[in-house]
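Visitor: Quick one, input.cif (mmCIF, C-alpha atoms):
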data_entry
loop_
_atom_site.label_atom_id
_atom_site.label_comp_id
_atom_site.auth_asym_id
_atom_site.auth_seq_id
_atom_site.Cartn_x
_atom_site.Cartn_y
_atom_site.Cartn_z
CA MET A 11 -0.73 -39.57 45.92
CA LYS A 12 2.51 -38.33 44.49
CA ASP A 13 2.95 -34.78 43.19
CA ASN A 14 2.82 -34.70 39.45
CA PRO A 15 5.56 -32.29 38.30
CA ILE A 16 3.61 -31.59 35.12
CA GLN A 17 0.85 -30.15 37.23
CA SER A 18 3.11 -27.62 38.96
CA GLY A 19 2.30 -23.94 38.38
CA ASP A 20 5.34 -23.15 36.20
CA ALA A 21 4.86 -26.20 34.03
CA ARG A 22 1.18 -25.44 33.49
CA CYS A 23 2.08 -21.89 32.58
CA LEU A 24 4.63 -23.11 30.07
CA ILE A 25 2.10 -25.48 28.53
CA ALA A 26 -0.45 -22.68 28.28
CA VAL A 27 2.09 -20.37 26.62
CA GLY A 28 3.03 -23.16 24.22
CA LYS A 29 -0.62 -23.60 23.31
CA VAL A 30 -1.06 -19.89 22.63
CA PHE A 31 1.97 -20.01 20.32
CA ARG A 32 0.55 -23.08 18.57
CA GLU A 33 -2.75 -21.30 18.16
CA ALA A 34 -0.95 -18.24 16.77
CA ALA A 35 0.95 -20.44 14.31
CA PHE A 36 -2.34 -22.03 13.25
CA VAL A 37 -3.92 -18.59 12.74
CA ALA A 38 -0.86 -17.49 10.74
CA VAL A 39 -0.95 -20.50 8.42
CA ILE A 40 -4.70 -20.40 7.81
CA GLY A 41 -4.59 -16.60 7.52
CA ALA A 42 -1.84 -16.76 4.90
CA ALA A 43 -3.77 -19.35 2.91
CA PHE A 44 -6.88 -17.17 3.16
CA ALA A 45 -4.92 -14.11 2.01
CA PHE A 46 -3.43 -15.74 -1.08
CA ALA A 47 -6.76 -17.34 -1.98
CA ALA A 48 -8.55 -14.00 -1.61
CA ASN A 49 -5.98 -12.36 -3.87
CA GLN A 50 -6.52 -15.07 -6.48
CA ILE A 51 -10.28 -14.62 -6.40
CA SER A 52 -10.28 -10.82 -6.27
CA PRO A 53 -10.53 -9.09 -9.66
CA LEU A 54 -8.19 -6.48 -8.21
CA GLY A 55 -5.64 -9.10 -7.19
CA LEU A 56 -1.94 -8.73 -7.96
CA ALA A 57 0.12 -11.19 -9.98
CA LEU A 58 2.76 -12.56 -7.64
CA THR A 59 5.49 -13.04 -10.19
CA ARG A 60 5.09 -9.84 -12.18
CA ASP A 61 7.66 -7.10 -11.79
CA TYR A 62 5.44 -4.06 -11.26
CA PHE A 63 8.44 -1.77 -11.01
CA PRO A 64 10.63 -2.47 -14.03
CA ALA A 65 12.69 0.57 -13.07
CA GLY A 66 13.62 -1.22 -9.83
CA THR A 67 11.78 -2.04 -6.62
CA ALA A 68 13.64 0.65 -4.66
CA SER A 69 11.49 3.58 -3.64
CA PRO A 70 11.60 6.51 -6.08
CA VAL A 71 12.02 8.96 -3.22
CA ARG A 72 15.38 8.21 -1.73
CA LEU A 73 16.00 10.45 1.17
CA ALA A 74 18.84 12.91 1.19
CA GLY A 75 21.24 12.93 4.08
CA GLY A 76 23.91 10.50 5.06
CA GLY A 77 26.41 13.14 6.03
CA THR A 78 26.54 15.17 2.83
CA ASN A 79 26.03 18.91 2.92
CA SER A 80 24.14 19.01 -0.35
CA GLY A 81 20.79 19.41 1.41
CA PRO A 82 17.52 17.73 0.55
CA VAL A 83 17.18 16.54 -3.02
CA SER A 84 13.90 17.33 -4.72
CA PRO A 85 11.79 14.46 -6.12
CA ALA A 86 12.12 16.03 -9.59
CA GLN A 87 15.92 15.91 -9.37
CA LEU A 88 15.78 12.30 -8.21
CA LEU A 89 13.43 11.39 -11.03
CA ALA A 90 15.72 13.02 -13.59
CA GLU A 91 18.70 11.15 -12.14
CA GLN A 92 16.82 7.85 -12.19
CA MET A 93 15.67 8.30 -15.76
CA LYS A 94 19.16 9.16 -16.90
CA GLU A 95 20.37 5.93 -15.33
CA LYS A 96 17.68 4.02 -17.21
CA GLY A 97 18.39 5.75 -20.52
CA LEU A 98 15.04 7.57 -20.65
CA GLN A 99 14.57 11.13 -21.87
CA LEU A 100 13.06 13.70 -19.56
CA MET A 101 10.74 16.37 -20.89
CA ASP A 102 9.65 19.56 -19.14
CA GLY A 103 6.25 21.28 -19.20
CA ARG A 104 7.22 23.78 -21.88
CA GLN A 105 8.29 21.01 -24.27
CA ALA A 106 5.16 18.99 -23.47
CA ALA A 107 3.00 22.01 -24.32
CA GLN A 108 4.91 22.50 -27.57
CA PHE A 109 4.28 18.87 -28.52
CA PHE A 110 0.60 19.29 -27.66
CA HIS A 111 0.26 22.30 -29.97
CA ASP A 112 2.36 20.71 -32.72
CA PRO A 113 0.24 19.88 -35.83
CA ARG A 114 1.80 16.40 -35.80
CA PHE A 115 -0.18 15.69 -32.60
CA LYS A 116 -3.41 15.86 -34.60
CA LYS A 117 -1.96 13.34 -37.06
CA ASP A 118 -1.01 10.90 -34.28
CA ILE A 119 2.67 11.31 -35.06
CA ILE A 120 2.98 12.62 -31.50
CA VAL A 121 0.99 10.74 -28.85
CA PHE A 122 0.50 11.29 -25.16
CA ILE A 123 0.29 8.32 -22.77
CA ASP A 124 -1.35 8.70 -19.36
CA ALA A 125 0.26 6.25 -16.93
CA ARG A 126 -2.18 6.78 -14.06
CA ASP A 127 -5.01 4.54 -12.93
CA GLU A 128 -8.44 4.56 -14.53
CA ASP A 129 -10.11 6.75 -11.90
CA ARG A 130 -7.53 9.49 -12.19
CA TYR A 131 -7.56 9.27 -15.98
CA GLN A 132 -11.34 9.72 -16.03
CA GLN A 133 -11.10 12.70 -13.70
CA GLY A 134 -8.90 14.54 -16.17
CA HIS A 135 -6.13 13.81 -18.64
CA ILE A 136 -4.28 15.61 -21.40
CA PRO A 137 -6.80 15.75 -24.29
CA GLY A 138 -6.33 12.80 -26.62
CA ALA A 139 -3.95 10.98 -24.29
CA TYR A 140 -4.14 7.20 -24.24
CA GLU A 141 -4.86 5.48 -20.95
CA PHE A 142 -2.07 3.07 -19.96
CA ASP A 143 -1.91 1.92 -16.35
CA PRO A 144 1.48 0.15 -16.09
CA TYR A 145 0.10 -2.05 -13.29
CA ARG A 146 -2.59 -3.47 -15.60
CA PRO A 147 -0.86 -3.18 -19.00
CA GLU A 148 -2.62 -6.14 -20.62
CA LYS A 149 -5.86 -4.17 -20.50
CA TYR A 150 -4.45 -1.35 -22.63
CA PHE A 151 -1.90 -2.90 -25.00
CA ASP A 152 -4.44 -3.42 -27.81
CA ALA A 153 -5.14 0.30 -28.09
CA VAL A 154 -1.79 1.73 -27.04
CA LEU A 155 0.70 -0.42 -28.95
CA PRO A 156 -0.50 0.34 -32.50
CA ALA A 157 -0.59 4.06 -31.67
CA CYS A 158 2.93 3.96 -30.24
CA GLN A 159 4.25 1.95 -33.19
CA LYS A 160 2.91 4.57 -35.57
CA ALA A 161 4.07 7.58 -33.55
CA GLU A 162 7.46 9.21 -33.81
CA GLN A 163 7.30 10.89 -30.44
CA ILE A 164 5.58 9.46 -27.38
CA VAL A 165 5.12 11.55 -24.25
CA VAL A 166 4.44 9.52 -21.11
CA TYR A 167 3.26 11.20 -17.94
CA CYS A 168 1.66 10.47 -14.56
CA ASN A 169 0.84 12.70 -11.58
CA GLY A 170 4.20 14.46 -11.42
CA GLY A 171 6.21 15.01 -8.26
CA ASP A 172 7.66 11.78 -6.96
CA CYS A 173 5.37 9.65 -9.15
CA ASP A 174 7.43 7.27 -11.25
CA ASP A 175 4.62 5.38 -12.96
CA SER A 176 5.44 7.24 -16.20
CA GLU A 177 8.94 5.80 -15.97
CA SER A 178 7.53 2.30 -15.46
CA ALA A 179 5.17 2.77 -18.40
CA ALA A 180 7.97 4.04 -20.67
CA ILE A 181 10.16 1.05 -19.76
CA LEU A 182 7.26 -1.32 -20.41
CA LEU A 183 6.73 0.23 -23.85
CA ARG A 184 10.44 0.03 -24.56
CA ASP A 185 10.45 -3.62 -23.50
CA VAL A 186 7.73 -4.44 -26.00
CA GLY A 187 9.70 -2.90 -28.86
CA ILE A 188 8.93 0.83 -28.94
CA PRO A 189 12.22 2.59 -29.84
CA ASN A 190 13.78 4.32 -26.86
CA LYS A 191 14.55 7.43 -28.92
CA ASN A 192 10.81 7.98 -29.39
CA LEU A 193 9.98 7.88 -25.69
CA PHE A 194 9.88 10.99 -23.51
CA VAL A 195 8.86 11.18 -19.87
CA PHE A 196 7.05 14.37 -18.89
CA GLY A 197 8.26 14.58 -15.29
CA GLY A 198 5.93 17.36 -14.16
CA GLY A 199 2.95 15.25 -15.18
CA ILE A 200 -0.67 16.31 -14.95
CA ALA A 201 0.08 18.50 -11.93
CA GLU A 202 2.39 20.76 -13.95
CA TRP A 203 0.05 20.60 -16.94
CA THR A 204 -2.90 21.97 -14.97
CA THR A 205 -0.71 24.47 -13.16
CA ASN A 206 0.23 25.84 -16.58
CA ASN A 207 -3.49 26.30 -17.35
CA LEU A 208 -3.46 23.85 -20.23
CA PRO A 209 -6.68 22.04 -21.19
CA VAL A 210 -7.72 18.72 -19.71
CA GLU A 211 -10.26 16.22 -20.95
CA THR A 212 -12.52 14.28 -18.59
CA GLY A 213 -14.03 10.86 -19.19
CA ALA A 214 -12.93 8.66 -22.06
CA ARG A 215 -10.30 9.52 -24.67
CA ASN A 216 -11.61 12.06 -27.20
CA SER A 217 -14.83 12.39 -25.19
CA GLY A 218 -14.88 16.06 -26.11
CA ASN A 219 -15.35 17.07 -22.47
CA LEU A 220 -12.64 19.69 -22.44
CA HIS A 221 -11.87 21.94 -19.53
CA ASN A 222 -9.52 24.81 -20.12
CA PRO A 223 -8.70 26.73 -16.96
CA ASP A 224 -7.95 29.77 -19.12
CA LYS A 225 -11.52 30.04 -20.31
CA MET B 7 -13.44 -8.07 34.35
CA LYS B 8 -15.41 -11.26 34.54
CA MET B 9 -18.83 -12.48 33.71
CA CYS B 10 -20.89 -12.34 36.86
CA GLN B 11 -24.19 -13.65 38.20
CA THR B 12 -26.76 -10.99 38.98
CA SER B 13 -29.13 -11.36 41.88
CA ARG B 14 -31.77 -12.69 39.53
CA GLY B 15 -29.40 -15.33 38.19
CA ARG B 16 -28.97 -13.83 34.78
CA VAL B 17 -25.55 -13.72 33.23
CA ALA B 18 -24.28 -10.19 32.83
CA VAL B 19 -21.93 -9.46 30.01
CA ASP B 20 -18.79 -7.49 30.64
CA ILE B 21 -19.50 -4.90 27.98
CA PRO B 22 -16.11 -3.09 27.93
CA THR B 23 -14.24 -6.35 27.41
CA VAL B 24 -16.40 -7.42 24.50
CA LEU B 25 -16.33 -3.94 22.99
CA ALA B 26 -12.54 -3.89 23.18
CA ARG B 27 -12.31 -7.13 21.22
CA TRP B 28 -14.85 -5.92 18.68
CA LEU B 29 -13.06 -2.58 18.38
CA LEU B 30 -9.72 -4.25 17.65
CA GLY B 31 -11.39 -6.60 15.19
CA ALA B 32 -13.19 -3.76 13.44
CA VAL B 33 -10.02 -1.67 13.20
CA PHE B 34 -8.12 -4.52 11.53
CA LEU B 35 -11.04 -5.36 9.28
CA TYR B 36 -11.28 -1.74 8.13
CA MET B 37 -7.54 -1.25 7.69
CA GLY B 38 -7.20 -4.56 5.87
CA LEU B 39 -10.08 -3.90 3.49
CA SER B 40 -8.94 -0.37 2.71
CA LYS B 41 -5.65 -1.85 1.51
CA ALA B 42 -7.06 -4.99 -0.10
CA LEU B 43 -9.39 -2.90 -2.26
CA HIS B 44 -6.48 -0.79 -3.54
CA PRO B 45 -3.68 -3.34 -3.87
CA VAL B 46 -1.57 -1.30 -6.29
CA ASP B 47 -1.59 1.70 -3.97
CA PHE B 48 -0.55 -0.54 -1.08
CA LEU B 49 2.17 -2.13 -3.20
CA LYS B 50 3.60 1.31 -3.95
CA LEU B 51 3.47 2.30 -0.28
CA LEU B 52 5.12 -0.93 0.79
CA ARG B 53 7.84 -0.30 -1.76
CA GLN B 54 8.81 2.91 0.04
CA TYR B 55 10.30 0.87 2.88
CA ASP B 56 12.85 -0.77 0.55
CA LEU B 57 12.34 -4.09 2.33
CA THR B 58 13.38 -6.24 -0.61
CA GLN B 59 14.58 -6.02 -4.18
CA SER B 60 12.67 -9.18 -5.12
CA PRO B 61 9.38 -8.49 -6.94
CA LEU B 62 8.03 -11.86 -5.79
CA LEU B 63 8.63 -11.09 -2.12
CA LEU B 64 7.32 -7.54 -2.42
CA ASN B 65 4.19 -8.72 -4.24
CA SER B 66 3.68 -11.51 -1.69
CA MET B 67 3.77 -9.04 1.17
CA ALA B 68 1.44 -6.64 -0.64
CA VAL B 69 -0.97 -9.48 -1.38
CA SER B 70 -0.94 -11.21 1.99
CA LEU B 71 -0.84 -8.44 4.60
CA PRO B 72 -4.19 -6.74 3.83
CA TRP B 73 -6.18 -9.97 3.58
CA PHE B 74 -4.39 -11.35 6.62
CA GLU B 75 -5.54 -8.32 8.59
CA VAL B 76 -9.08 -8.89 7.32
CA PHE B 77 -8.84 -12.52 8.48
CA CYS B 78 -7.60 -11.54 11.94
CA GLY B 79 -10.27 -8.86 12.21
CA LEU B 80 -12.98 -11.38 11.44
CA LEU B 81 -11.59 -13.85 13.98
CA LEU B 82 -11.62 -11.20 16.69
CA LEU B 83 -15.13 -10.03 15.84
CA ALA B 84 -16.39 -13.60 15.97
CA GLY B 85 -14.29 -14.47 18.99
CA ILE B 86 -12.37 -17.37 17.47
CA ALA B 87 -8.82 -18.20 18.56
CA VAL B 88 -8.68 -14.84 20.29
CA ARG B 89 -5.35 -15.26 22.11
CA GLY B 90 -3.57 -16.77 19.13
CA THR B 91 -4.91 -13.98 16.91
CA ALA B 92 -3.84 -11.34 19.41
CA LEU B 93 -0.33 -12.82 19.52
CA THR B 94 -0.17 -12.88 15.71
CA LEU B 95 -1.23 -9.23 15.60
CA LEU B 96 1.50 -8.34 18.07
CA PHE B 97 4.04 -10.06 15.83
CA MET B 98 2.77 -7.93 12.95
CA LEU B 99 2.41 -4.65 14.82
CA ALA B 100 5.82 -4.63 16.45
CA PRO B 101 8.04 -4.83 13.34
CA PHE B 102 5.80 -2.52 11.31
CA THR B 103 5.80 0.09 14.05
CA ILE B 104 9.60 -0.05 14.04
CA LEU B 105 9.65 0.31 10.24
CA VAL B 106 7.28 3.28 10.38
CA LEU B 107 9.39 4.87 13.10
CA HIS B 108 12.56 4.32 11.08
CA ARG B 109 11.03 5.91 8.00
CA ALA B 110 9.74 8.84 10.05
CA LEU B 111 13.23 9.43 11.46
CA LEU B 112 14.68 9.41 7.94
CA LEU B 113 12.06 11.91 6.79
CA GLN B 114 12.67 14.09 9.82
CA SER B 115 16.37 14.12 9.08
CA ALA B 116 15.87 14.83 5.38
CA LEU B 117 13.29 17.56 5.85
CA ALA B 118 14.83 19.03 9.01
CA ILE B 119 11.46 19.38 10.76
CA PRO B 120 10.28 18.46 14.28
CA PHE B 121 9.55 14.76 14.69
CA CYS B 122 5.83 15.20 15.31
CA ALA B 123 5.53 17.38 12.20
CA VAL B 124 6.51 14.42 10.03
CA LYS B 125 3.47 13.34 8.03
CA PHE B 126 3.27 10.53 5.50
CA ASP B 127 1.16 7.61 4.37
CA CYS B 128 2.72 4.64 6.10
CA GLY B 129 0.58 2.14 4.21
CA CYS B 130 -1.25 1.24 7.41
CA GLY B 131 -4.65 1.75 5.82
CA SER B 132 -5.45 5.05 7.49
CA GLY B 133 -4.01 7.40 4.84
CA THR B 134 -1.59 10.25 5.45
CA GLU B 135 -1.10 10.90 9.14
CA PHE B 136 1.20 12.72 11.52
CA ILE B 137 3.75 10.26 12.86
CA CYS B 138 3.11 10.94 16.56
CA ARG B 139 -0.57 10.19 16.10
CA LYS B 140 0.25 7.02 14.15
CA LEU B 141 2.64 5.81 16.84
CA LEU B 142 0.04 6.50 19.52
CA GLU B 143 -2.56 4.52 17.55
CA ASN B 144 -0.17 1.62 17.16
CA PHE B 145 0.66 1.75 20.87
CA LEU B 146 -3.06 1.50 21.68
CA LEU B 147 -3.44 -1.42 19.27
CA VAL B 148 -0.50 -3.16 20.95
CA LEU B 149 -2.09 -2.54 24.36
CA LEU B 150 -5.44 -3.93 23.24
CA SER B 151 -3.81 -6.97 21.65
CA SER B 152 -1.77 -7.61 24.79
CA TRP B 153 -4.91 -7.35 26.89
CA LEU B 154 -6.69 -9.93 24.76
CA LEU B 155 -3.58 -12.11 24.83
CA SER B 156 -3.77 -12.13 28.62
CA GLY B 157 -7.14 -13.87 28.40
CA HIS B 158 -9.73 -11.09 28.33
CA GLY B 159 -12.59 -10.84 25.89
CA ARG B 160 -13.94 -14.38 26.34
CA GLN B 161 -17.59 -13.41 26.46
CA LEU B 162 -19.74 -13.65 23.34
CA SER B 163 -16.93 -15.62 21.71
CA LEU B 164 -17.71 -18.42 19.31
CA ARG B 165 -14.59 -20.32 20.25
CA PHE B 166 -12.17 -18.34 22.39
CA ASN B 167 -9.60 -21.15 22.48
CA LEU B 168 -9.02 -23.11 19.35
CA ILE B 169 -6.84 -25.56 21.22
CA LYS B 170 -8.63 -27.23 24.09
CA SER B 171 -7.83 -26.53 27.76
CA LEU B 172 -5.93 -23.37 26.99
#
Would you kindly transcribe this structure into structure tokens?

Guide:
Amino acid sequence: MKDNPIQSGDARCLIAVGKVFREAAFVAVIGAAFAFAANQISPLGLALTRDYFPAGTASPVRLAGGGTNSGPVSPAQLLAEQMKEKGLQLMDGRQAAQFFHDPRFKKDIIVFIDARDEDRYQQGHIPGAYEFDPYRPEKYFDAVLPACQKAEQIVVYCNGGDCDDSESAAILLRDVGIPNKNLFVFGGGIAEWTTNNLPVETGARNSGNLHNPDK
Amino acid sequence: MKMCQTSRGRVAVDIPTVLARWLLGAVFLYMGLSKALHPVDFLKLLRQYDLTQSPLLLNSMAVSLPWFEVFCGLLLLAGIAVRGTALTLLFMLAPFTILVLHRALLLQSALAIPFCAVKFDCGCGSGTEFICRKLLENFLLVLLSSWLLSGHGRQLSLRFNLIKSL
């Protein structure tokens, strides 16, 4: 019997390696199909074509460095810079508190928009603030749009710090026709609000469950 | 580490080998589900790597990676296509470990702190972690995947090789 070169050790090894790669490719293809199907079925699934970051897909926290001697840049400074680029108006905690205590707030001429997810909103939001998760806007437009159309000043906030969901929410509102001059982004967000001992409301909007750290 | 015949003729299972495969499968199942159940959070974390400016590509990655990990975890737990799955996991682990390392080095440089003091949520499904611990975890996952790729973990497998005579 002649030696079959295919049966030599190296050749068999190569064939085995090739089969493992084929198996891996098979797993990858089926896995990808499974993943996209699961996303379609899941109620939490993402829409593939939607731009969830209208302010840009780049990370909000760009790292300082690159040879400059300016030192680390704070997230708040970066947020302010980003908003300026996008033509949005930044508001600080003092101004947000003034708006909250302004009599026009009671008349819905000033409105607050909470751009965090539902869980965080329920855990505590600025009293009377509308819930508006910019990643699921269709769920909130019915309630938020009429209020924003009526209001003269709209304060949008999220967690504060490097959170830029308030920026995304403000751009979304601007894109659907809310005048840019009416939109203000409260950069410090709920973190600064609670640090300043201002009241928060838990549960649904106007639930009456107020918590004032001062009291 | 092979299945062996006991004196009474019963087949003994190589427990550590099977446990290793189940452990790797469970880790990927857990990490995948923790991301798949919070897709927006994962999308935001993925965004921090600045991999692409295309929303479609970013969304596709955020959608596919968690469920793909779940799929691979299930295959390993069941013992189906174990070597192919292990190779796929290696192809996923290697570039993501490099990305995590790159981001950690950027953070270290920006914050001027020791490397192992760098702590952030890498989007791996395990929350905020110190970078040295994360790298060690990934190294162990790479080791386990490589071990399965070399042909271990056959016992209690539904179909170790998907392609015949592997």

Visitor: Each side padded by 3 Å, which centre and which edge lengths in Å (one decimal) define the axis-aligned box around the listed atoms of region 106-121 of chain B? Give them as AutoDock Vina command-line options.

Guide:
--center_x 11.8 --center_y 11.3 --center_z 10.0 --size_x 15.1 --size_y 22.1 --size_z 15.3

Visitor: Could you jot down the CA of Met98 (chain B) to CA of Phe46 (chain A) separation for me, Å, one decimal place?

Guide: 17.2 Å

Visitor: How many Å separate CA of Leu208 (chain A) from CA of Arg126 (chain A)?

Guide: 18.2 Å

Visitor: Record the distance separating CA of Met37 (chain B) and CA of Val106 (chain B), expressed in Å with one decimal.

Guide: 15.7 Å

Visitor: With 6 Å as the limit and counting all atoms listed in the file, what residues in chain B lie close to chain A? Please list them as a PyMOL selection string.

Guide: chain B and resi 53-54+56+59+61-62+65+70+73-74+77+90-91+94+116+172

Visitor: Could you expand the PyMOL selection byres ((chain B and resi 19-31) around 12) into the explicit residues it covers here, written as an MDAnalysis selection string?

Guide: chainID B and resid 7:12 16:18 32:38 75:89 91:92 95:96 143:144 146:155 157:163 166

Visitor: Could you give me, as a PyMOL selection string, the residues that have an atom at most 6 Å away from the point (0.3, 4.6, 1.7) in the coordinates of the file, using all atoms listed in the file?

Guide: chain B and resi 48+51+127-129

Visitor: Carefully work through the PyMOL selection byres ((chain A and resi 218) around 12) for this structure and note down the residues it includes, as a list in words.

Guide: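 Applied to this file, the PyMOL selection byres ((chain A and resi 218) around 12) selects Gly134, His135, Ile136, Pro137, Gly138, Pro209, Val210, Glu211, Thr212, Gly213, Ala214, Arg215, Asn216, Ser217, Asn219, Leu220, His221 and Asn222 of chain A.
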
Visitor: Every residue with an atom at most 12 Å from (2.3, 24.2, -25.0) (file coordinates; all atoms listed in the file) is what I'm after, so could you write them as a list in words?

Guide: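 Answer for this query, in the requested form: Asp102, Gly103, Arg104, Gln105, Ala106, Ala107, Gln108, Phe109, Phe110, His111, Asp112, Pro113, Phe115, Ile136, Glu202, Trp203, Thr204, Asn206, Asn207, Leu208 and Pro209 of chain A.
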
Visitor: Considering only C-alpha atoms, state which residue in the set A:Asp143, A:Asp172, A:Glu148, A:Glu162 is at the smallest distance from Ile188 (chain A).

Guide: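 Of A:Asp143, A:Asp172, A:Glu148, A:Glu162, the one nearest Ile188 (chain A) is A:Glu162, counting only C-alpha atoms.
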
Visitor: Write a file for region 148-165 of chain A of the given structure; include N, CA and C atoms and format it as a short mmCIF file (atom, residue, chain, number, x, y, z; two decimals), in the first residue's frame.

Guide:
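New file selection-v3.cif:
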data_model
loop_
_atom_site.label_atom_id
_atom_site.label_comp_id
_atom_site.auth_asym_id
_atom_site.auth_seq_id
_atom_site.Cartn_x
_atom_site.Cartn_y
_atom_site.Cartn_z
N GLU A 148 -40.47 58.01 21.85
CA GLU A 148 -41.83 57.82 21.36
C GLU A 148 -42.84 57.58 22.49
N LYS A 149 -42.30 57.04 23.60
CA LYS A 149 -43.15 56.73 24.74
C LYS A 149 -43.62 58.00 25.46
N TYR A 150 -42.87 59.08 25.30
CA TYR A 150 -43.12 60.28 26.12
C TYR A 150 -43.59 61.50 25.33
N PHE A 151 -43.49 61.44 24.01
CA PHE A 151 -43.80 62.62 23.20
C PHE A 151 -45.21 63.15 23.46
N ASP A 152 -46.18 62.25 23.62
CA ASP A 152 -47.58 62.68 23.78
C ASP A 152 -47.76 63.62 24.97
N ALA A 153 -47.05 63.35 26.04
CA ALA A 153 -47.18 64.19 27.24
C ALA A 153 -46.23 65.39 27.19
N VAL A 154 -45.03 65.15 26.68
CA VAL A 154 -43.99 66.17 26.78
C VAL A 154 -44.13 67.28 25.73
N LEU A 155 -44.48 66.90 24.51
CA LEU A 155 -44.51 67.89 23.43
C LEU A 155 -45.50 69.03 23.68
N PRO A 156 -46.76 68.74 24.05
CA PRO A 156 -47.69 69.85 24.30
C PRO A 156 -47.19 70.77 25.41
N ALA A 157 -46.60 70.18 26.45
CA ALA A 157 -46.09 70.99 27.57
C ALA A 157 -44.95 71.89 27.10
N CYS A 158 -44.08 71.34 26.26
CA CYS A 158 -42.93 72.13 25.78
C CYS A 158 -43.38 73.21 24.79
N GLN A 159 -44.41 72.90 24.02
CA GLN A 159 -44.91 73.89 23.05
C GLN A 159 -45.53 75.08 23.77
N LYS A 160 -46.12 74.81 24.92
CA LYS A 160 -46.78 75.86 25.69
C LYS A 160 -45.76 76.67 26.50
N ALA A 161 -44.69 76.00 26.93
CA ALA A 161 -43.73 76.65 27.84
C ALA A 161 -42.85 77.66 27.12
N GLU A 162 -42.38 78.62 27.91
CA GLU A 162 -41.44 79.61 27.38
C GLU A 162 -40.01 79.27 27.77
N GLN A 163 -39.87 78.55 28.85
CA GLN A 163 -38.55 78.11 29.27
C GLN A 163 -38.59 76.63 29.67
N ILE A 164 -37.68 75.87 29.10
CA ILE A 164 -37.67 74.42 29.33
C ILE A 164 -36.29 74.03 29.87
N VAL A 165 -36.30 73.47 31.06
CA VAL A 165 -35.03 73.08 31.69
C VAL A 165 -34.89 71.56 31.58
#
